[in-house]
$ cat data-v4.cif   # mmCIF, C-alpha atoms
data_structure
#
loop_
_atom_site.group_PDB
_atom_site.id
_atom_site.type_symbol
_atom_site.label_atom_id
_atom_site.label_comp_id
_atom_site.auth_asym_id
_atom_site.auth_seq_id
_atom_site.Cartn_x
_atom_site.Cartn_y
_atom_site.Cartn_z
ATOM 1 C CA MET A 1 -14.117 -33.758 7.770
ATOM 2 C CA VAL A 2 -11.360 -31.242 7.019
ATOM 3 C CA LEU A 3 -11.914 -27.568 6.180
ATOM 4 C CA ALA A 4 -9.045 -25.638 4.583
ATOM 5 C CA SER A 5 -8.952 -22.218 2.973
ATOM 6 C CA ALA A 6 -6.624 -20.121 0.839
ATOM 7 C CA PRO A 7 -6.800 -16.489 -0.324
ATOM 8 C CA GLY A 8 -7.297 -15.053 -3.757
ATOM 9 C CA LYS A 9 -4.723 -12.650 -5.128
ATOM 10 C CA CYS A 10 -4.261 -9.449 -7.098
ATOM 11 C CA ILE A 11 -1.218 -8.462 -9.140
ATOM 12 C CA LEU A 12 0.071 -5.149 -7.789
ATOM 13 C CA PHE A 13 2.837 -4.677 -10.364
ATOM 14 C CA GLY A 14 4.421 -6.519 -13.262
ATOM 15 C CA GLU A 15 1.617 -7.923 -15.429
ATOM 16 C CA HIS A 16 2.814 -9.096 -18.841
ATOM 17 C CA ALA A 17 6.384 -7.950 -18.178
ATOM 18 C CA VAL A 18 6.853 -11.038 -15.992
ATOM 19 C CA VAL A 19 6.513 -13.147 -19.158
ATOM 20 C CA TYR A 20 9.697 -11.487 -20.435
ATOM 21 C CA GLY A 21 11.885 -11.993 -17.382
ATOM 22 C CA GLN A 22 10.841 -8.982 -15.315
ATOM 23 C CA PRO A 23 9.592 -9.278 -11.698
ATOM 24 C CA ALA A 24 5.959 -9.214 -10.614
ATOM 25 C CA VAL A 25 4.410 -8.501 -7.216
ATOM 26 C CA ALA A 26 1.128 -10.025 -6.013
ATOM 27 C CA VAL A 27 -0.866 -9.499 -2.829
ATOM 28 C CA ALA A 28 -3.123 -11.993 -1.039
ATOM 29 C CA ILE A 29 -6.627 -10.610 -0.495
ATOM 30 C CA ASP A 30 -9.244 -11.217 2.177
ATOM 31 C CA ALA A 31 -11.624 -13.019 -0.199
ATOM 32 C CA ARG A 32 -10.929 -16.750 0.147
ATOM 33 C CA VAL A 33 -11.721 -20.142 -1.305
ATOM 34 C CA ARG A 34 -12.766 -22.793 1.237
ATOM 35 C CA VAL A 35 -12.527 -26.517 0.594
ATOM 36 C CA ILE A 36 -14.344 -29.102 2.707
ATOM 37 C CA ILE A 37 -13.168 -32.700 2.300
ATOM 38 C CA GLU A 38 -14.668 -35.839 3.830
ATOM 39 C CA LYS A 39 -14.912 -39.526 3.033
ATOM 40 C CA SER A 40 -17.538 -40.480 0.467
ATOM 41 C CA GLN A 41 -19.595 -43.659 0.360
ATOM 42 C CA SER A 42 -20.972 -42.745 -3.084
ATOM 43 C CA GLY A 43 -17.807 -42.416 -5.151
ATOM 44 C CA TRP A 44 -16.009 -39.209 -5.982
ATOM 45 C CA LEU A 45 -18.210 -36.143 -5.527
ATOM 46 C CA ILE A 46 -17.672 -32.415 -6.182
ATOM 47 C CA ASP A 47 -20.313 -30.166 -4.620
ATOM 48 C CA GLY A 48 -22.619 -33.164 -4.365
ATOM 49 C CA MET A 49 -22.284 -34.141 -8.035
ATOM 50 C CA GLN A 50 -20.235 -36.877 -9.691
ATOM 51 C CA PHE A 51 -16.634 -35.783 -10.220
ATOM 52 C CA ASP A 52 -16.087 -34.753 -13.864
ATOM 53 C CA LYS A 53 -12.372 -34.510 -14.672
ATOM 54 C CA GLN A 54 -13.036 -32.335 -17.707
ATOM 55 C CA ARG A 55 -14.872 -29.725 -15.641
ATOM 56 C CA HIS A 56 -12.329 -29.769 -12.807
ATOM 57 C CA PRO A 57 -8.867 -30.281 -14.362
ATOM 58 C CA HIS A 58 -7.055 -28.523 -11.504
ATOM 59 C CA LEU A 59 -8.700 -30.753 -8.913
ATOM 60 C CA ASP A 60 -8.036 -33.837 -11.002
ATOM 61 C CA ALA A 61 -4.344 -32.954 -11.206
ATOM 62 C CA MET A 62 -4.119 -32.325 -7.445
ATOM 63 C CA LEU A 63 -5.925 -35.512 -6.480
ATOM 64 C CA LYS A 64 -3.796 -37.670 -8.773
ATOM 65 C CA ARG A 65 -0.616 -36.210 -7.291
ATOM 66 C CA MET A 66 -1.615 -36.363 -3.644
ATOM 67 C CA TRP A 67 -4.334 -38.966 -3.169
ATOM 68 C CA ILE A 68 -5.575 -41.247 -5.937
ATOM 69 C CA ASN A 69 -2.170 -42.560 -7.018
ATOM 70 C CA ASP A 70 -1.450 -43.363 -3.364
ATOM 71 C CA GLY A 71 -4.567 -45.484 -3.081
ATOM 72 C CA GLY A 72 -6.680 -42.964 -1.210
ATOM 73 C CA HIS A 73 -10.397 -43.699 -0.779
ATOM 74 C CA PRO A 74 -13.065 -41.661 -2.639
ATOM 75 C CA LEU A 75 -13.785 -38.203 -1.275
ATOM 76 C CA SER A 76 -16.615 -35.720 -1.244
ATOM 77 C CA ILE A 77 -15.261 -32.235 -1.901
ATOM 78 C CA LYS A 78 -17.221 -29.026 -1.436
ATOM 79 C CA ILE A 79 -15.864 -25.705 -2.688
ATOM 80 C CA GLU A 80 -17.034 -22.303 -1.467
ATOM 81 C CA SER A 81 -15.609 -19.080 -2.883
ATOM 82 C CA ASP A 82 -15.771 -15.393 -1.972
ATOM 83 C CA LEU A 83 -14.070 -14.444 -5.252
ATOM 84 C CA PHE A 84 -15.571 -13.017 -8.409
ATOM 85 C CA GLY A 85 -15.669 -15.869 -10.929
ATOM 86 C CA ALA A 86 -13.264 -15.881 -13.907
ATOM 87 C CA ALA A 87 -11.926 -12.494 -12.849
ATOM 88 C CA GLY A 88 -8.192 -13.176 -12.651
ATOM 89 C CA LEU A 89 -8.126 -13.337 -8.857
ATOM 90 C CA GLY A 90 -6.393 -16.713 -8.609
ATOM 91 C CA SER A 91 -9.329 -18.938 -7.748
ATOM 92 C CA SER A 92 -7.830 -22.097 -9.283
ATOM 93 C CA ALA A 93 -4.554 -21.551 -7.407
ATOM 94 C CA ALA A 94 -6.455 -21.036 -4.154
ATOM 95 C CA ILE A 95 -8.388 -24.265 -4.742
ATOM 96 C CA CYS A 96 -5.158 -26.186 -5.384
ATOM 97 C CA SER A 97 -3.475 -24.786 -2.271
ATOM 98 C CA ALA A 98 -6.485 -25.440 -0.043
ATOM 99 C CA VAL A 99 -6.949 -28.973 -1.374
ATOM 100 C CA ALA A 100 -3.261 -29.752 -0.769
ATOM 101 C CA ALA A 101 -3.481 -28.490 2.812
ATOM 102 C CA ALA A 102 -6.693 -30.429 3.479
ATOM 103 C CA LEU A 103 -5.281 -33.699 2.108
ATOM 104 C CA LEU A 104 -2.078 -33.344 4.119
ATOM 105 C CA HIS A 105 -4.026 -32.595 7.285
ATOM 106 C CA SER A 106 -6.358 -35.543 6.720
ATOM 107 C CA ARG A 107 -3.261 -37.759 6.631
ATOM 108 C CA GLY A 108 -1.931 -36.468 9.910
ATOM 109 C CA THR A 109 0.060 -33.292 9.239
ATOM 110 C CA PRO A 110 -0.697 -30.857 12.081
ATOM 111 C CA ALA A 111 -2.286 -27.593 10.981
ATOM 112 C CA GLU A 112 0.616 -25.582 12.372
ATOM 113 C CA GLU A 113 3.183 -27.716 10.489
ATOM 114 C CA LEU A 114 1.902 -27.463 6.928
ATOM 115 C CA PRO A 115 4.923 -27.501 4.539
ATOM 116 C CA LEU A 116 4.179 -24.276 2.670
ATOM 117 C CA PRO A 117 6.923 -24.500 0.006
ATOM 118 C CA GLY A 118 5.846 -28.075 -0.724
ATOM 119 C CA ILE A 119 2.181 -27.083 -1.001
ATOM 120 C CA ALA A 120 3.092 -24.219 -3.338
ATOM 121 C CA THR A 121 5.191 -26.542 -5.499
ATOM 122 C CA THR A 122 2.506 -29.217 -5.764
ATOM 123 C CA ALA A 123 -0.182 -26.618 -6.518
ATOM 124 C CA HIS A 124 2.017 -25.021 -9.191
ATOM 125 C CA LEU A 125 2.642 -28.364 -10.904
ATOM 126 C CA ALA A 126 -1.089 -29.149 -10.828
ATOM 127 C CA GLU A 127 -1.909 -25.768 -12.366
ATOM 128 C CA ALA A 128 0.673 -26.367 -15.093
ATOM 129 C CA GLU A 129 -0.786 -29.802 -15.860
ATOM 130 C CA ALA A 130 -4.309 -28.390 -16.041
ATOM 131 C CA GLN A 131 -3.175 -25.526 -18.277
ATOM 132 C CA GLY A 132 -1.303 -27.509 -20.880
ATOM 133 C CA GLY A 133 2.114 -27.267 -19.290
ATOM 134 C CA ARG A 134 2.152 -23.493 -18.767
ATOM 135 C CA ALA A 135 1.868 -21.766 -15.403
ATOM 136 C CA SER A 136 3.722 -19.135 -13.419
ATOM 137 C CA PRO A 137 4.174 -19.858 -9.688
ATOM 138 C CA ILE A 138 2.967 -16.391 -8.667
ATOM 139 C CA ASP A 139 -0.682 -17.340 -8.052
ATOM 140 C CA THR A 140 0.004 -20.567 -6.172
ATOM 141 C CA SER A 141 2.830 -19.004 -4.128
ATOM 142 C CA THR A 142 0.634 -16.074 -3.103
ATOM 143 C CA SER A 143 -2.348 -18.252 -2.183
ATOM 144 C CA THR A 144 -0.059 -20.499 -0.134
ATOM 145 C CA LEU A 145 2.270 -18.020 1.570
ATOM 146 C CA GLY A 146 -0.179 -15.109 1.877
ATOM 147 C CA GLY A 147 1.024 -11.541 2.398
ATOM 148 C CA VAL A 148 2.870 -10.022 -0.553
ATOM 149 C CA VAL A 149 4.906 -12.179 -2.938
ATOM 150 C CA MET A 150 7.492 -11.141 -5.515
ATOM 151 C CA VAL A 151 8.441 -13.502 -8.350
ATOM 152 C CA SER A 152 11.421 -12.886 -10.603
ATOM 153 C CA ASP A 153 13.929 -14.648 -12.832
ATOM 154 C CA LYS A 154 16.608 -13.718 -10.281
ATOM 155 C CA LYS A 155 16.951 -13.112 -6.559
ATOM 156 C CA GLU A 156 15.799 -9.559 -5.844
ATOM 157 C CA GLY A 157 17.285 -7.282 -3.195
ATOM 158 C CA GLN A 158 13.946 -5.603 -2.476
ATOM 159 C CA ALA A 159 12.418 -8.743 -0.962
ATOM 160 C CA ASN A 160 13.117 -11.856 1.126
ATOM 161 C CA TRP A 161 13.989 -14.908 -0.960
ATOM 162 C CA GLN A 162 11.912 -17.982 -0.070
ATOM 163 C CA TYR A 163 12.507 -20.720 -2.658
ATOM 164 C CA THR A 164 13.202 -21.516 -6.312
ATOM 165 C CA ARG A 165 10.614 -22.996 -8.672
ATOM 166 C CA ASP A 166 11.289 -24.417 -12.107
ATOM 167 C CA LEU A 167 9.172 -25.909 -14.848
ATOM 168 C CA ARG A 168 9.852 -27.192 -18.354
ATOM 169 C CA ILE A 169 7.699 -25.201 -20.800
ATOM 170 C CA ASP A 170 7.772 -26.098 -24.499
ATOM 171 C CA GLY A 171 11.008 -27.995 -23.960
ATOM 172 C CA VAL A 172 12.747 -25.102 -22.209
ATOM 173 C CA ARG A 173 13.340 -25.084 -18.450
ATOM 174 C CA ARG A 174 12.020 -21.887 -16.864
ATOM 175 C CA THR A 175 13.175 -20.876 -13.378
ATOM 176 C CA TRP A 176 11.588 -18.435 -10.942
ATOM 177 C CA GLU A 177 12.823 -17.070 -7.632
ATOM 178 C CA VAL A 178 9.974 -16.599 -5.143
ATOM 179 C CA HIS A 179 10.244 -13.895 -2.463
ATOM 180 C CA SER A 180 8.098 -12.425 0.286
ATOM 181 C CA VAL A 181 7.820 -8.694 0.961
ATOM 182 C CA ASP A 182 7.588 -7.516 4.572
ATOM 183 C CA LEU A 183 4.748 -5.063 5.174
ATOM 184 C CA PRO A 184 5.191 -2.505 7.967
ATOM 185 C CA PRO A 185 2.223 -1.713 10.269
ATOM 186 C CA SER A 186 1.696 1.690 8.611
ATOM 187 C CA LEU A 187 0.248 -0.044 5.547
ATOM 188 C CA SER A 188 -2.776 -1.084 7.621
ATOM 189 C CA GLU A 189 -4.028 2.471 7.104
ATOM 190 C CA ALA A 190 -4.844 1.667 3.482
ATOM 191 C CA SER A 191 -7.228 -0.739 1.824
ATOM 192 C CA LEU A 192 -7.368 -2.310 -1.595
ATOM 193 C CA VAL A 193 -10.627 -1.878 -3.493
ATOM 194 C CA ILE A 194 -11.097 -4.400 -6.305
ATOM 195 C CA GLY A 195 -13.403 -3.488 -9.168
ATOM 196 C CA PHE A 196 -14.705 -6.229 -11.487
ATOM 197 C CA SER A 197 -15.781 -5.318 -15.008
ATOM 198 C CA GLY A 198 -18.175 -8.257 -15.174
ATOM 199 C CA ARG A 199 -16.249 -9.801 -18.073
ATOM 200 C CA PRO A 200 -13.448 -12.360 -17.755
ATOM 201 C CA GLY A 201 -9.945 -11.330 -18.746
ATOM 202 C CA PRO A 202 -8.837 -13.653 -21.609
ATOM 203 C CA THR A 203 -5.298 -14.281 -20.382
ATOM 204 C CA SER A 204 -3.960 -16.323 -23.312
ATOM 205 C CA GLN A 205 -5.376 -13.864 -25.853
ATOM 206 C CA MET A 206 -3.904 -10.853 -24.078
ATOM 207 C CA VAL A 207 -0.484 -12.501 -23.693
ATOM 208 C CA ALA A 208 -0.547 -13.310 -27.433
ATOM 209 C CA LYS A 209 -1.584 -9.720 -28.202
ATOM 210 C CA VAL A 210 1.435 -8.346 -26.329
ATOM 211 C CA ALA A 211 3.736 -10.856 -28.042
ATOM 212 C CA THR A 212 2.492 -9.715 -31.447
ATOM 213 C CA LEU A 213 2.921 -6.061 -30.489
ATOM 214 C CA LEU A 214 6.517 -6.645 -29.389
ATOM 215 C CA SER A 215 7.265 -8.598 -32.546
ATOM 216 C CA ASN A 216 5.951 -5.793 -34.755
ATOM 217 C CA HIS A 217 7.342 -2.981 -32.581
ATOM 218 C CA PRO A 218 10.565 -4.153 -30.868
ATOM 219 C CA GLU A 219 11.021 -0.686 -29.354
ATOM 220 C CA LYS A 220 8.058 -1.493 -27.070
ATOM 221 C CA MET A 221 10.372 -3.815 -25.153
ATOM 222 C CA GLU A 222 11.543 -0.631 -23.425
ATOM 223 C CA ASP A 223 8.097 -0.402 -21.828
ATOM 224 C CA ILE A 224 8.451 -3.987 -20.597
ATOM 225 C CA GLU A 225 11.727 -3.002 -18.945
ATOM 226 C CA ARG A 226 10.102 0.114 -17.474
ATOM 227 C CA ILE A 227 7.374 -2.042 -15.924
ATOM 228 C CA GLY A 228 10.144 -4.120 -14.336
ATOM 229 C CA ASN A 229 11.737 -0.983 -12.885
ATOM 230 C CA VAL A 230 8.372 0.232 -11.594
ATOM 231 C CA THR A 231 7.779 -3.175 -10.003
ATOM 232 C CA ARG A 232 11.067 -3.043 -8.111
ATOM 233 C CA ALA A 233 10.348 0.526 -6.988
ATOM 234 C CA GLY A 234 6.856 -0.520 -5.891
ATOM 235 C CA ALA A 235 8.222 -3.455 -3.871
ATOM 236 C CA THR A 236 10.676 -1.121 -2.125
ATOM 237 C CA ALA A 237 7.882 1.356 -1.367
ATOM 238 C CA LEU A 238 5.779 -1.451 0.117
ATOM 239 C CA SER A 239 8.591 -2.603 2.384
ATOM 240 C CA LEU A 240 9.122 0.980 3.584
ATOM 241 C CA GLY A 241 5.405 1.602 4.138
ATOM 242 C CA ASN A 242 5.423 4.531 1.701
ATOM 243 C CA LEU A 243 1.802 4.572 0.556
ATOM 244 C CA GLN A 244 2.251 7.596 -1.709
ATOM 245 C CA ALA A 245 5.090 5.910 -3.582
ATOM 246 C CA VAL A 246 3.111 2.671 -3.912
ATOM 247 C CA GLY A 247 0.249 4.642 -5.458
ATOM 248 C CA ILE A 248 2.576 6.439 -7.875
ATOM 249 C CA ALA A 249 4.017 3.093 -8.978
ATOM 250 C CA MET A 250 0.505 1.708 -9.545
ATOM 251 C CA ASN A 251 -0.455 4.689 -11.696
ATOM 252 C CA GLU A 252 2.709 4.416 -13.778
ATOM 253 C CA CYS A 253 2.217 0.684 -14.218
ATOM 254 C CA HIS A 254 -1.308 1.260 -15.525
ATOM 255 C CA ARG A 255 -0.080 3.897 -17.983
ATOM 256 C CA LEU A 256 2.526 1.485 -19.346
ATOM 257 C CA LEU A 257 -0.008 -1.346 -19.602
ATOM 258 C CA GLN A 258 -2.307 0.969 -21.547
ATOM 259 C CA GLY A 259 0.574 1.513 -23.948
ATOM 260 C CA LEU A 260 0.787 -2.250 -24.453
ATOM 261 C CA GLY A 261 -2.902 -2.294 -25.409
ATOM 262 C CA VAL A 262 -4.120 -4.567 -22.622
ATOM 263 C CA SER A 263 -6.472 -2.172 -20.850
ATOM 264 C CA ASP A 264 -9.959 -1.444 -22.169
ATOM 265 C CA GLU A 265 -12.736 1.117 -21.771
ATOM 266 C CA ASP A 266 -14.345 -0.584 -18.762
ATOM 267 C CA LEU A 267 -11.073 -0.899 -16.863
ATOM 268 C CA ASP A 268 -9.992 2.651 -17.698
ATOM 269 C CA ARG A 269 -13.406 3.978 -16.653
ATOM 270 C CA MET A 270 -13.143 2.289 -13.250
ATOM 271 C CA VAL A 271 -9.542 3.447 -12.775
ATOM 272 C CA ASP A 272 -10.492 7.043 -13.625
ATOM 273 C CA ALA A 273 -13.466 6.888 -11.245
ATOM 274 C CA ALA A 274 -11.287 5.598 -8.399
ATOM 275 C CA LEU A 275 -8.388 8.034 -8.731
ATOM 276 C CA PRO A 276 -9.928 11.116 -7.023
ATOM 277 C CA SER A 277 -10.248 9.165 -3.749
ATOM 278 C CA SER A 278 -7.228 6.880 -4.169
ATOM 279 C CA LEU A 279 -3.476 6.904 -3.855
ATOM 280 C CA GLY A 280 -3.190 4.877 -7.052
ATOM 281 C CA ALA A 281 -5.224 2.641 -9.354
ATOM 282 C CA LYS A 282 -4.542 0.217 -12.177
ATOM 283 C CA LEU A 283 -5.781 -2.853 -13.974
ATOM 284 C CA THR A 284 -4.749 -6.137 -12.380
ATOM 285 C CA GLY A 285 -4.034 -9.327 -14.270
ATOM 286 C CA ALA A 286 -4.179 -9.938 -17.992
ATOM 287 C CA GLY A 287 -6.484 -7.046 -18.891
ATOM 288 C CA GLY A 288 -9.067 -7.043 -21.672
ATOM 289 C CA GLY A 289 -11.679 -7.464 -18.935
ATOM 290 C CA GLY A 290 -11.328 -8.832 -15.439
ATOM 291 C CA CYS A 291 -10.466 -6.458 -12.600
ATOM 292 C CA MET A 292 -8.785 -3.244 -11.558
ATOM 293 C CA ILE A 293 -7.522 -2.285 -8.116
ATOM 294 C CA ALA A 294 -7.257 0.946 -6.163
ATOM 295 C CA LEU A 295 -5.132 1.693 -3.093
ATOM 296 C CA THR A 296 -7.084 4.002 -0.821
ATOM 297 C CA THR A 297 -7.625 5.249 2.713
ATOM 298 C CA GLU A 298 -11.292 5.904 1.843
ATOM 299 C CA PRO A 299 -12.494 2.465 0.722
ATOM 300 C CA ARG A 300 -16.222 3.202 0.910
ATOM 301 C CA ARG A 301 -15.903 6.348 -1.199
ATOM 302 C CA THR A 302 -13.673 4.587 -3.720
ATOM 303 C CA ALA A 303 -15.962 1.563 -3.957
ATOM 304 C CA GLU A 304 -18.999 3.764 -4.520
ATOM 305 C CA ALA A 305 -17.198 5.632 -7.300
ATOM 306 C CA ILE A 306 -16.316 2.374 -9.055
ATOM 307 C CA GLU A 307 -19.860 1.045 -8.676
ATOM 308 C CA LEU A 308 -21.300 4.251 -10.171
ATOM 309 C CA VAL A 309 -19.515 3.492 -13.451
ATOM 310 C CA GLY A 310 -20.703 -0.130 -13.520
ATOM 311 C CA GLY A 311 -18.104 -2.086 -11.578
ATOM 312 C CA ARG A 312 -18.711 -4.683 -8.889
ATOM 313 C CA THR A 313 -16.472 -4.207 -5.877
ATOM 314 C CA MET A 314 -14.897 -5.898 -2.887
ATOM 315 C CA VAL A 315 -12.579 -4.408 -0.276
ATOM 316 C CA SER A 316 -9.504 -6.067 1.185
ATOM 317 C CA ARG A 317 -6.585 -5.268 3.418
ATOM 318 C CA LEU A 318 -3.108 -5.515 1.924
ATOM 319 C CA GLY A 319 -1.691 -8.976 2.497
ATOM 320 C CA ALA A 320 -4.170 -11.519 3.856
ATOM 321 C CA SER A 321 -3.039 -14.738 5.554
ATOM 322 C CA GLY A 322 -2.099 -17.720 3.416
ATOM 323 C CA VAL A 323 -3.428 -21.276 3.239
ATOM 324 C CA CYS A 324 -4.630 -22.716 6.544
ATOM 325 C CA ILE A 325 -6.709 -25.414 8.202
ATOM 326 C CA GLU A 326 -9.793 -23.797 9.715
ATOM 327 C CA ASN A 327 -11.193 -26.661 11.801
ATOM 328 C CA LYS A 328 -8.216 -27.066 14.124
#

$ encode --input "data-v4.cif" --output "C-alpha cells"
Amino acid sequence: MVLASAPGKCILFGEHAVVYGQPAVAVAIDARVRVIIEKSQSGWLIDGMQFDKQRHPHLDAMLKRMWINDGGHPLSIKIESDLFGAAGLGSSAAICSAVAAALLHSRGTPAEELPLPGIATTAHLAEAEAQGGRASPIDTSTSTLGGVVMVSDKKEGQANWQYTRDLRIDGVRRTWEVHSVDLPPSLSEASLVIGFSGRPGPTSQMVAKVATLLSNHPEKMEDIERIGNVTRAGATALSLGNLQAVGIAMNECHRLLQGLGVSDEDLDRMVDAALPSSLGAKLTGAGGGGCMIALTTEPRRTAEAIELVGGRTMVSRLGASGVCIENK
C-alpha cells in the first residue's frame, strides 16, 4: 500500500488575465487530497467501486500514462479530500499529482527523490487530456511544488524560475514559465481564510464571458494589463514579507475582477464581510460562484464574519508543502 498526498490551491492574483498572457500567482493550502493505492484482486477499483473512466477522466489519463500502458496490474485506489467540492481549489490537479507520486513510489522511487518537475508535467498533460486539450499548468505546478507558484508567458524577475511547460491548444503551441516565490518567516503571522459560496464556479462560462466582454469593449484590455501589474506587485510584496502590500494588491485585484463582471453577490458579500478584520480579500478562481479568500492576522474573527453572511470556511497558512509520500 502507498499513501500520497498533495495540497489544494488558491489563486492569489491574476485570474482571467493569465488567459491573455499576464502572470498569475497561486498558493498551496493546508487542505489536501490523499490517495491510497494498493494491488487489487478484483479488477480496477475507485473507492471500492468499479473504475468508470467517464466519471474519473483525470485518473484515467494518469493511469494510462504511468501504469496501464506499461502493463501494470489492476489497482484499488481510494481518494480522501479535505477540499470543498467543485470550488475551484484544484482538487483534480491534487489528485493527479498524488497519484503520480504514489505510482512512482510503488515502482521504487524513494519518497525523498520524487522528480517534482516530471510529476507536474505528467499531471498537467493528464489534466489537459481530461479537459479536452485545455489546461494551464498553474494548478498542477502548485499542488506538486507547494509554497507559492507564479506562472507567466515569460521569465519574471519577481520570482525564481523553475521550468518551462508547453502544450498545443487548438493547434497553437502555448508556453508557460513556472516560478516559485520565496516566503520570508514574517508571513507566518498571517493566515488565509477561504470562504465557499456553496455554488461551483463555472470556469468555462466565466472565461467565455470575459472573452465576449473584451471583444465588445476592447478598452477593457487595459484592466487585464492592470491585473498583470498588480500580480507582479503582489509577488514582490510576498517575497519581501510585506503583508500590508499583499492585502492592497488583493483588494485591487478584486476591484478589477468586479469590473470584468466575474464576481457575484455572494462573493462580494463575503469579501465585504471579511474586510474589517483582514488585510485584503478577493474572489479566487473563475468567479461566478466558488470561493473568495481573505488575508488576515485574526482568522477566527474573519471566518466568523464570512460564515455570518452564509459562507463555509476553512483556514490555511500561506504556502503549504507540496506532493509527498506519507507512509515513508

$ atom_distance --input "data-v4.cif" --atom1 "CA of Val19 (chain A)" --atom2 "CA of Ser321 (chain A)"
26.5 Å

$ resolve_selection --input "data-v4.cif" --expression "the PyMOL selection byres ((chain A and resi 90) around 8)" --output "mmCIF file with C-alpha atoms, in the coordinates of the input"
data_model
loop_
_atom_site.group_PDB
_atom_site.id
_atom_site.type_symbol
_atom_site.label_atom_id
_atom_site.label_comp_id
_atom_site.auth_asym_id
_atom_site.auth_seq_id
_atom_site.Cartn_x
_atom_site.Cartn_y
_atom_site.Cartn_z
ATOM 1 C CA GLY A 8 -7.297 -15.053 -3.757
ATOM 2 C CA LYS A 9 -4.723 -12.650 -5.128
ATOM 3 C CA CYS A 10 -4.261 -9.449 -7.098
ATOM 4 C CA GLY A 88 -8.192 -13.176 -12.651
ATOM 5 C CA LEU A 89 -8.126 -13.337 -8.857
ATOM 6 C CA SER A 91 -9.329 -18.938 -7.748
ATOM 7 C CA SER A 92 -7.830 -22.097 -9.283
ATOM 8 C CA ALA A 93 -4.554 -21.551 -7.407
ATOM 9 C CA ALA A 94 -6.455 -21.036 -4.154
ATOM 10 C CA ASP A 139 -0.682 -17.340 -8.052
ATOM 11 C CA THR A 140 0.004 -20.567 -6.172
ATOM 12 C CA SER A 143 -2.348 -18.252 -2.183
#

$ closest_residue --input "data-v4.cif" --among "A:Asp223, A:Glu38, A:Asp70, A:Glu156" --to "Gly261 (chain A)" --atoms "all atoms listed in the file"
A:Asp223

$ residues_around --input "data-v4.cif" --residues "Gly322 (chain A)" --least-positions-apart "5" --cutoff "8 Å" --atoms "only C-alpha atoms" --output "MDAnalysis selection string"
chainID A and resid 6:7 28 142:147

$ write_last_selection --input "data-v4.cif" --atoms "C-alpha atoms" --output "compact mmCIF listing (two decimals), in the coordinates of the input"
# COMPACT_ATOMS: atom_id res chain seq x y z
CA ALA A 6 -6.62 -20.12 0.84
CA PRO A 7 -6.80 -16.49 -0.32
CA ALA A 28 -3.12 -11.99 -1.04
CA THR A 142 0.63 -16.07 -3.10
CA SER A 143 -2.35 -18.25 -2.18
CA THR A 144 -0.06 -20.50 -0.13
CA LEU A 145 2.27 -18.02 1.57
CA GLY A 146 -0.18 -15.11 1.88
CA GLY A 147 1.02 -11.54 2.40

$ closest_atom_pairs --input "data-v4.cif" --of "region 167-278 of chain A" --to "region 290-312 of chain A" --cutoff "9 Å" --atoms "all atoms listed in the file" --output "tab-separated table"
residue	atom	partner	partner_atom	distance
A:Glu189	CA	A:Thr297	CA	6.3
A:Ala190	CA	A:Thr297	CA	4.6
A:Ser191	CA	A:Thr296	CA	5.4
A:Leu192	CA	A:Leu295	CA	4.8
A:Val193	CA	A:Ala294	CA	5.1
A:Ile194	CA	A:Ile293	CA	4.5
A:Gly195	CA	A:Met292	CA	5.2
A:Phe196	CA	A:Cys291	CA	4.4
A:Ser197	CA	A:Gly311	CA	5.3
A:Gly198	CA	A:Gly290	CA	6.9
A:Arg199	CA	A:Gly290	CA	5.7
A:Pro200	CA	A:Gly290	CA	4.7
A:Gly201	CA	A:Gly290	CA	4.4
A:Pro202	CA	A:Gly290	CA	8.2
A:Leu243	CA	A:Leu295	CA	8.3
A:Val246	CA	A:Leu295	CA	8.3
A:Gly247	CA	A:Leu295	CA	6.6
A:Met250	CA	A:Ala294	CA	8.5
A:Asp266	CA	A:Gly311	CA	8.2
A:Leu267	CA	A:Met292	CA	6.2
A:Asp268	CA	A:Met292	CA	8.6
A:Arg269	CA	A:Val309	CA	6.9
A:Met270	CA	A:Ile306	CA	5.3
A:Val271	CA	A:Met292	CA	6.8
A:Asp272	CA	A:Ile306	CA	8.8
A:Ala273	CA	A:Ala305	CA	5.6
A:Ala274	CA	A:Thr302	CA	5.3
A:Leu275	CA	A:Ala294	CA	7.6
A:Pro276	CA	A:Thr302	CA	8.2
A:Ser277	CA	A:Thr302	CA	5.7
A:Ser278	CA	A:Thr296	CA	4.4

$ write_last_selection --input "data-v4.cif" --atoms "C-alpha atoms" --output "CSV table (one decimal), keeping the file's coordinate frame"
chain,number,residue,atom,x,y,z
A,189,GLU,CA,-4.0,2.5,7.1
A,190,ALA,CA,-4.8,1.7,3.5
A,191,SER,CA,-7.2,-0.7,1.8
A,192,LEU,CA,-7.4,-2.3,-1.6
A,193,VAL,CA,-10.6,-1.9,-3.5
A,194,ILE,CA,-11.1,-4.4,-6.3
A,195,GLY,CA,-13.4,-3.5,-9.2
A,196,PHE,CA,-14.7,-6.2,-11.5
A,197,SER,CA,-15.8,-5.3,-15.0
A,198,GLY,CA,-18.2,-8.3,-15.2
A,199,ARG,CA,-16.2,-9.8,-18.1
A,200,PRO,CA,-13.4,-12.4,-17.8
A,201,GLY,CA,-9.9,-11.3,-18.7
A,202,PRO,CA,-8.8,-13.7,-21.6
A,243,LEU,CA,1.8,4.6,0.6
A,246,VAL,CA,3.1,2.7,-3.9
A,247,GLY,CA,0.2,4.6,-5.5
A,250,MET,CA,0.5,1.7,-9.5
A,266,ASP,CA,-14.3,-0.6,-18.8
A,267,LEU,CA,-11.1,-0.9,-16.9
A,268,ASP,CA,-10.0,2.7,-17.7
A,269,ARG,CA,-13.4,4.0,-16.7
A,270,MET,CA,-13.1,2.3,-13.2
A,271,VAL,CA,-9.5,3.4,-12.8
A,272,ASP,CA,-10.5,7.0,-13.6
A,273,ALA,CA,-13.5,6.9,-11.2
A,274,ALA,CA,-11.3,5.6,-8.4
A,275,LEU,CA,-8.4,8.0,-8.7
A,276,PRO,CA,-9.9,11.1,-7.0
A,277,SER,CA,-10.2,9.2,-3.7
A,278,SER,CA,-7.2,6.9,-4.2

$ resolve_selection --input "data-v4.cif" --expression "the PyMOL selection byres ((chain A and resi 107) around 12)" --output "PyMOL selection string"
chain A and resi 1-2+37-38+66-67+70+72-73+100-106+108-111+114

$ residues_around --input "data-v4.cif" --residues "Leu3 (chain A)" --least-positions-apart "4" --cutoff "7 Å" --atoms "all atoms listed in the file" --output "PyMOL selection string"
chain A and resi 34-37+102+325-327
